[in-house]
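Listing of run_23.pdb; format and content: PDB, C-alpha atoms, pLDDT in the B column.
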ATOM      1  CA  MET P   1       0.000   0.000   0.000  1.00 47.00           C
ATOM      2  CA  THR P   2       1.408   3.362  -0.992  1.00 50.00           C
ATOM      3  CA  MET P   3       0.549   6.361   1.151  1.00 51.00           C
ATOM      4  CA  ARG P   4       2.120   9.093  -0.916  1.00 46.00           C
ATOM      5  CA  SER P   5       0.833  12.125  -2.704  1.00 43.00           C
ATOM      6  CA  GLU P   6      -1.203  11.428  -5.815  1.00 45.00           C
ATOM      7  CA  ALA P   7       1.226  13.210  -8.136  1.00 42.00           C
ATOM      8  CA  ALA P   8       3.817  10.655  -9.169  1.00 42.00           C
ATOM      9  CA  GLY P   9       7.221  12.218  -9.420  1.00 41.00           C
ATOM     10  CA  ALA P  10       6.035  15.402  -7.753  1.00 42.00           C
ATOM     11  CA  THR P  11       8.819  17.853  -7.032  1.00 40.00           C
ATOM     12  CA  ASP P  12       7.206  18.851  -3.736  1.00 44.00           C
ATOM     13  CA  PRO P  13       9.630  17.621  -1.070  1.00 44.00           C
ATOM     14  CA  CYS P  14       6.711  17.388   1.370  1.00 44.00           C
ATOM     15  CA  GLY P  15       4.693  15.111  -0.923  1.00 49.00           C
ATOM     16  CA  ALA P  16       5.461  11.922   0.990  1.00 55.00           C
ATOM     17  CA  ARG P  17       4.860  13.691   4.279  1.00 65.00           C
ATOM     18  CA  SER P  18       1.549  15.057   3.011  1.00 74.00           C
ATOM     19  CA  GLY P  19       0.508  11.535   2.046  1.00 80.00           C
ATOM     20  CA  SER P  20       1.471  10.142   5.424  1.00 89.00           C
ATOM     21  CA  MET P  21      -0.355  13.021   7.132  1.00 90.00           C
ATOM     22  CA  ALA P  22      -3.502  12.162   5.169  1.00 89.00           C
ATOM     23  CA  ALA P  23      -3.122   8.492   6.108  1.00 89.00           C
ATOM     24  CA  ALA P  24      -2.655   9.449   9.766  1.00 89.00           C
ATOM     25  CA  ALA P  25      -5.833  11.549   9.591  1.00 89.00           C
ATOM     26  CA  LEU P  26      -7.701   8.592   8.098  1.00 89.00           C
ATOM     27  CA  PHE P  27      -6.507   6.252  10.833  1.00 90.00           C
ATOM     28  CA  ARG P  28      -7.338   8.853  13.506  1.00 90.00           C
ATOM     29  CA  SER P  29     -10.890   9.013  12.155  1.00 90.00           C
ATOM     30  CA  LEU P  30     -11.065   5.211  12.404  1.00 91.00           C
ATOM     31  CA  GLY P  31      -9.265   5.142  15.764  1.00 89.00           C
ATOM     32  CA  ASP P  32     -12.136   6.466  17.835  1.00 93.00           C
ATOM     33  CA  PRO P  33     -14.086   3.475  19.234  1.00 93.00           C
ATOM     34  CA  SER P  34     -17.452   5.210  18.749  1.00 96.00           C
ATOM     35  CA  ARG P  35     -16.768   6.168  15.129  1.00 96.00           C
ATOM     36  CA  LEU P  36     -15.440   2.688  14.421  1.00 95.00           C
ATOM     37  CA  ALA P  37     -18.579   1.144  15.949  1.00 96.00           C
ATOM     38  CA  ILE P  38     -20.729   3.355  13.719  1.00 97.00           C
ATOM     39  CA  LEU P  39     -18.730   2.380  10.631  1.00 97.00           C
ATOM     40  CA  LEU P  40     -18.895  -1.306  11.495  1.00 96.00           C
ATOM     41  CA  ARG P  41     -22.668  -1.041  11.916  1.00 97.00           C
ATOM     42  CA  LEU P  42     -22.927   0.744   8.556  1.00 98.00           C
ATOM     43  CA  ALA P  43     -20.848  -2.042   7.006  1.00 96.00           C
ATOM     44  CA  GLU P  44     -23.886  -4.243   7.696  1.00 96.00           C
ATOM     45  CA  GLY P  45     -26.155  -1.890   5.740  1.00 97.00           C
ATOM     46  CA  GLU P  46     -27.784   1.526   5.708  1.00 97.00           C
ATOM     47  CA  ALA P  47     -29.108   2.951   8.959  1.00 98.00           C
ATOM     48  CA  ARG P  48     -30.905   5.961  10.353  1.00 97.00           C
ATOM     49  CA  VAL P  49     -29.479   7.907  13.280  1.00 97.00           C
ATOM     50  CA  VAL P  50     -32.030   6.274  15.590  1.00 97.00           C
ATOM     51  CA  ASP P  51     -30.808   2.838  14.429  1.00 97.00           C
ATOM     52  CA  LEU P  52     -27.198   3.822  15.090  1.00 98.00           C
ATOM     53  CA  VAL P  53     -28.089   5.178  18.534  1.00 98.00           C
ATOM     54  CA  ALA P  54     -29.619   1.808  19.420  1.00 97.00           C
ATOM     55  CA  ALA P  55     -26.672  -0.116  17.943  1.00 97.00           C
ATOM     56  CA  VAL P  56     -23.830   1.802  19.583  1.00 97.00           C
ATOM     57  CA  GLY P  57     -25.538   3.016  22.773  1.00 97.00           C
ATOM     58  CA  LEU P  58     -24.610   6.682  22.445  1.00 97.00           C
ATOM     59  CA  ALA P  59     -26.745   9.805  22.646  1.00 97.00           C
ATOM     60  CA  GLN P  60     -28.323  11.016  19.419  1.00 97.00           C
ATOM     61  CA  SER P  61     -26.284  14.218  19.478  1.00 97.00           C
ATOM     62  CA  THR P  62     -23.042  12.237  19.863  1.00 97.00           C
ATOM     63  CA  VAL P  63     -23.913   9.899  16.986  1.00 98.00           C
ATOM     64  CA  SER P  64     -24.820  12.883  14.819  1.00 97.00           C
ATOM     65  CA  ALA P  65     -21.514  14.587  15.642  1.00 96.00           C
ATOM     66  CA  HIS P  66     -19.568  11.447  14.750  1.00 97.00           C
ATOM     67  CA  LEU P  67     -21.532  11.094  11.501  1.00 97.00           C
ATOM     68  CA  ALA P  68     -20.685  14.691  10.607  1.00 95.00           C
ATOM     69  CA  CYS P  69     -16.999  13.938  11.184  1.00 94.00           C
ATOM     70  CA  LEU P  70     -17.168  10.766   9.099  1.00 96.00           C
ATOM     71  CA  ARG P  71     -19.016  12.607   6.354  1.00 95.00           C
ATOM     72  CA  ASP P  72     -16.391  15.375   6.347  1.00 92.00           C
ATOM     73  CA  CYS P  73     -13.747  12.648   5.919  1.00 91.00           C
ATOM     74  CA  GLY P  74     -15.663  11.223   2.956  1.00 94.00           C
ATOM     75  CA  LEU P  75     -16.259   7.903   4.701  1.00 96.00           C
ATOM     76  CA  VAL P  76     -20.054   8.051   5.019  1.00 97.00           C
ATOM     77  CA  ASP P  77     -22.831   9.657   3.055  1.00 98.00           C
ATOM     78  CA  SER P  78     -26.588   9.841   3.411  1.00 97.00           C
ATOM     79  CA  ARG P  79     -29.759  10.007   1.426  1.00 97.00           C
ATOM     80  CA  PRO P  80     -32.991  11.583   2.585  1.00 96.00           C
ATOM     81  CA  GLU P  81     -35.861   9.311   3.486  1.00 94.00           C
ATOM     82  CA  GLY P  82     -38.980  11.098   4.598  1.00 93.00           C
ATOM     83  CA  ARG P  83     -38.118  13.307   7.560  1.00 93.00           C
ATOM     84  CA  SER P  84     -34.897  11.449   8.318  1.00 93.00           C
ATOM     85  CA  SER P  85     -31.814  10.295   6.463  1.00 96.00           C
ATOM     86  CA  ARG P  86     -30.284   6.911   5.817  1.00 98.00           C
ATOM     87  CA  TYR P  87     -26.520   6.751   6.289  1.00 98.00           C
ATOM     88  CA  PHE P  88     -24.239   4.390   4.419  1.00 98.00           C
ATOM     89  CA  LEU P  89     -20.557   3.793   3.774  1.00 98.00           C
ATOM     90  CA  ALA P  90     -19.414   6.135   1.028  1.00 97.00           C
ATOM     91  CA  ARG P  91     -16.406   3.991   0.133  1.00 95.00           C
ATOM     92  CA  ALA P  92     -16.608   0.250  -0.511  1.00 94.00           C
ATOM     93  CA  GLU P  93     -12.867   0.137   0.218  1.00 95.00           C
ATOM     94  CA  LEU P  94     -13.739   0.379   3.917  1.00 95.00           C
ATOM     95  CA  LEU P  95     -15.080  -3.169   3.751  1.00 96.00           C
ATOM     96  CA  ASP P  96     -11.705  -4.346   2.439  1.00 96.00           C
ATOM     97  CA  LEU P  97      -9.949  -2.379   5.174  1.00 95.00           C
ATOM     98  CA  PHE P  98     -12.107  -3.960   7.876  1.00 94.00           C
ATOM     99  CA  LYS P  99     -11.466  -7.428   6.445  1.00 94.00           C
ATOM    100  CA  SER P 100      -7.713  -6.755   6.350  1.00 94.00           C
ATOM    101  CA  ALA P 101      -7.817  -5.453   9.927  1.00 91.00           C
ATOM    102  CA  GLU P 102      -9.560  -8.640  11.075  1.00 91.00           C
ATOM    103  CA  GLY P 103      -6.832 -10.693   9.394  1.00 92.00           C
ATOM    104  CA  LEU P 104      -4.085  -8.591  10.937  1.00 90.00           C
ATOM    105  CA  LEU P 105      -5.645  -8.844  14.383  1.00 87.00           C
ATOM    106  CA  ALA P 106      -5.940 -12.611  13.997  1.00 89.00           C
ATOM    107  CA  ALA P 107      -2.285 -12.804  12.928  1.00 90.00           C
ATOM    108  CA  THR P 108      -0.989 -10.707  15.827  1.00 88.00           C
ATOM    109  CA  GLY P 109      -3.036 -12.545  18.425  1.00 77.00           C
ATOM    110  CA  GLU P 110      -3.194 -10.653  21.679  1.00 77.00           C
ATOM    111  CA  ALA P 111      -0.170  -8.462  20.937  1.00 86.00           C
ATOM    112  CA  VAL P 112      -2.285  -5.447  19.970  1.00 83.00           C
ATOM    113  CA  ALA P 113      -4.590  -5.811  22.960  1.00 81.00           C
ATOM    114  CA  LEU P 114      -1.570  -6.126  25.261  1.00 82.00           C
ATOM    115  CA  CYS P 115       0.269  -3.115  23.791  1.00 85.00           C
ATOM    116  CA  PRO P 116       1.148  -0.845  26.758  1.00 86.00           C
ATOM    117  CA  THR P 117       0.536   2.311  24.724  1.00 83.00           C
ATOM    118  CA  TYR P 118      -2.646   1.517  22.775  1.00 79.00           C
ATOM    119  CA  GLY P 119      -3.925  -1.775  24.192  1.00 80.00           C
ATOM    120  CA  THR P 120      -6.895  -2.416  26.394  1.00 76.00           C
ATOM    121  CA  ALA P 121      -5.029  -1.711  29.625  1.00 69.00           C
ATOM    122  CA  ALA P 122      -3.894   1.682  28.330  1.00 65.00           C
ATOM    123  CA  THR P 123      -7.445   2.468  27.184  1.00 61.00           C
ATOM    124  CA  ASP P 124      -8.887   1.467  30.571  1.00 61.00           C
ATOM    125  CA  GLU P 125      -6.456   3.828  32.334  1.00 57.00           C
ATOM    126  CA  ASP P 126      -7.580   6.727  30.103  1.00 54.00           C
ATOM    127  CA  SER P 127     -11.210   6.261  31.175  1.00 52.00           C
TER     128      SER P 127
END
In structure tokens, how does this file's structure come out?
Amino acid sequence: MTMRSEAAGATDPCGARSGSMAAAALFRSLGDPSRLAILLRLAEGEARVVDLVAAVGLAQSTVSAHLACLRDCGLVDSRPEGRSSRYFLARAELLDLFKSAEGLLAATGEAVALCPTYGTAATDEDS
């Protein structure tokens, strides 16, 4: 996977850094447990905000804020349906990413969960 600027052979010395910054922003958007839960639910199919609230157990305003963030990142989109909207994954590539992540997690076993910086113990201490 290449995470560089789109312009091949660009003379911009920051091109590679810009690409890695964009990749870091993408992974930050996926790194929030609530946003990831919303995306995983949307991977199952379209949903209204009320459906997402029930699925992830967050307040409606919190789900809406996360959806706005994900929409700004180009990861979700919506279509109107009556007085509400149905949200869906805007990029099918997310399904491939989730599948790859599952494979990577299976390959690393408990190493990620045990990571002292980002693992479950570190997350529990932040709470």
Determine the residue set returned by the PyMOL selection byres ((chain P and resi 96-108) around 12) for the present structure, and present it as a VMD selection string.
-> chain P and resid 1 26 to 27 30 36 to 37 39 to 44 91 to 95 109 to 115
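Atom pair atom CA of Leu89 of chain P / atom CA of Val76 of chain P: separated by 4.5 Å.
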Using the chain letters and numbers from this file, what does the PyMOL selection byres ((chain P and resi 29) around 12) select? Give the answer as a PDB file with C-alpha atoms, keeping the file's coordinate frame.
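Written output follows (expr_39.pdb):
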ATOM      1  CA  ALA P  22      -3.502  12.162   5.169  1.00 89.00           C
ATOM      2  CA  ALA P  23      -3.122   8.492   6.108  1.00 89.00           C
ATOM      3  CA  ALA P  24      -2.655   9.449   9.766  1.00 89.00           C
ATOM      4  CA  ALA P  25      -5.833  11.549   9.591  1.00 89.00           C
ATOM      5  CA  LEU P  26      -7.701   8.592   8.098  1.00 89.00           C
ATOM      6  CA  PHE P  27      -6.507   6.252  10.833  1.00 90.00           C
ATOM      7  CA  ARG P  28      -7.338   8.853  13.506  1.00 90.00           C
ATOM      8  CA  LEU P  30     -11.065   5.211  12.404  1.00 91.00           C
ATOM      9  CA  GLY P  31      -9.265   5.142  15.764  1.00 89.00           C
ATOM     10  CA  ASP P  32     -12.136   6.466  17.835  1.00 93.00           C
ATOM     11  CA  PRO P  33     -14.086   3.475  19.234  1.00 93.00           C
ATOM     12  CA  SER P  34     -17.452   5.210  18.749  1.00 96.00           C
ATOM     13  CA  ARG P  35     -16.768   6.168  15.129  1.00 96.00           C
ATOM     14  CA  LEU P  36     -15.440   2.688  14.421  1.00 95.00           C
ATOM     15  CA  ALA P  37     -18.579   1.144  15.949  1.00 96.00           C
ATOM     16  CA  ILE P  38     -20.729   3.355  13.719  1.00 97.00           C
ATOM     17  CA  LEU P  39     -18.730   2.380  10.631  1.00 97.00           C
ATOM     18  CA  HIS P  66     -19.568  11.447  14.750  1.00 97.00           C
ATOM     19  CA  LEU P  67     -21.532  11.094  11.501  1.00 97.00           C
ATOM     20  CA  ALA P  68     -20.685  14.691  10.607  1.00 95.00           C
ATOM     21  CA  CYS P  69     -16.999  13.938  11.184  1.00 94.00           C
ATOM     22  CA  LEU P  70     -17.168  10.766   9.099  1.00 96.00           C
ATOM     23  CA  ARG P  71     -19.016  12.607   6.354  1.00 95.00           C
ATOM     24  CA  ASP P  72     -16.391  15.375   6.347  1.00 92.00           C
ATOM     25  CA  CYS P  73     -13.747  12.648   5.919  1.00 91.00           C
ATOM     26  CA  GLY P  74     -15.663  11.223   2.956  1.00 94.00           C
ATOM     27  CA  LEU P  75     -16.259   7.903   4.701  1.00 96.00           C
ATOM     28  CA  VAL P  76     -20.054   8.051   5.019  1.00 97.00           C
TER      29      VAL P  76
END
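The shell of residues at most 12 Å from Glu81 of chain P, with all atoms listed in the file counted and near chain neighbours (fewer than 6 positions) removed, consists of Glu46, Ala47, Arg48, Val49 and Tyr87 of chain P.
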Proximity to Ala90 of chain P - best of P:Gly45, P:Gly19, P:Ser64, P:Leu58, all atoms listed in the file | P:Gly45
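Between atom CA of Ser78 of chain P and atom CA of Asp51 of chain P there is a distance of 13.7 Å.
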Interatomic distance, atom CA of Gly119 of chain P to atom CA of Ser18 of chain P (Å, one decimal) = 27.6 Å
Once 5 Å is added on each side, what are the centre and the three edge lengths, in Å to one decimal, of the axis-aligned box enclosing the listed atoms of segment 49-52 of chain P? Present them as AutoDock Vina command-line options.
--center_x -29.6 --center_y 5.4 --center_z 14.4 --size_x 14.8 --size_y 15.1 --size_z 12.3
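Remark: for Val50 of chain P, the closest of the candidate residues P:Val63, P:Tyr118, P:Arg79, P:Ser20 is P:Val63 (distances computed over all atoms listed in the file).
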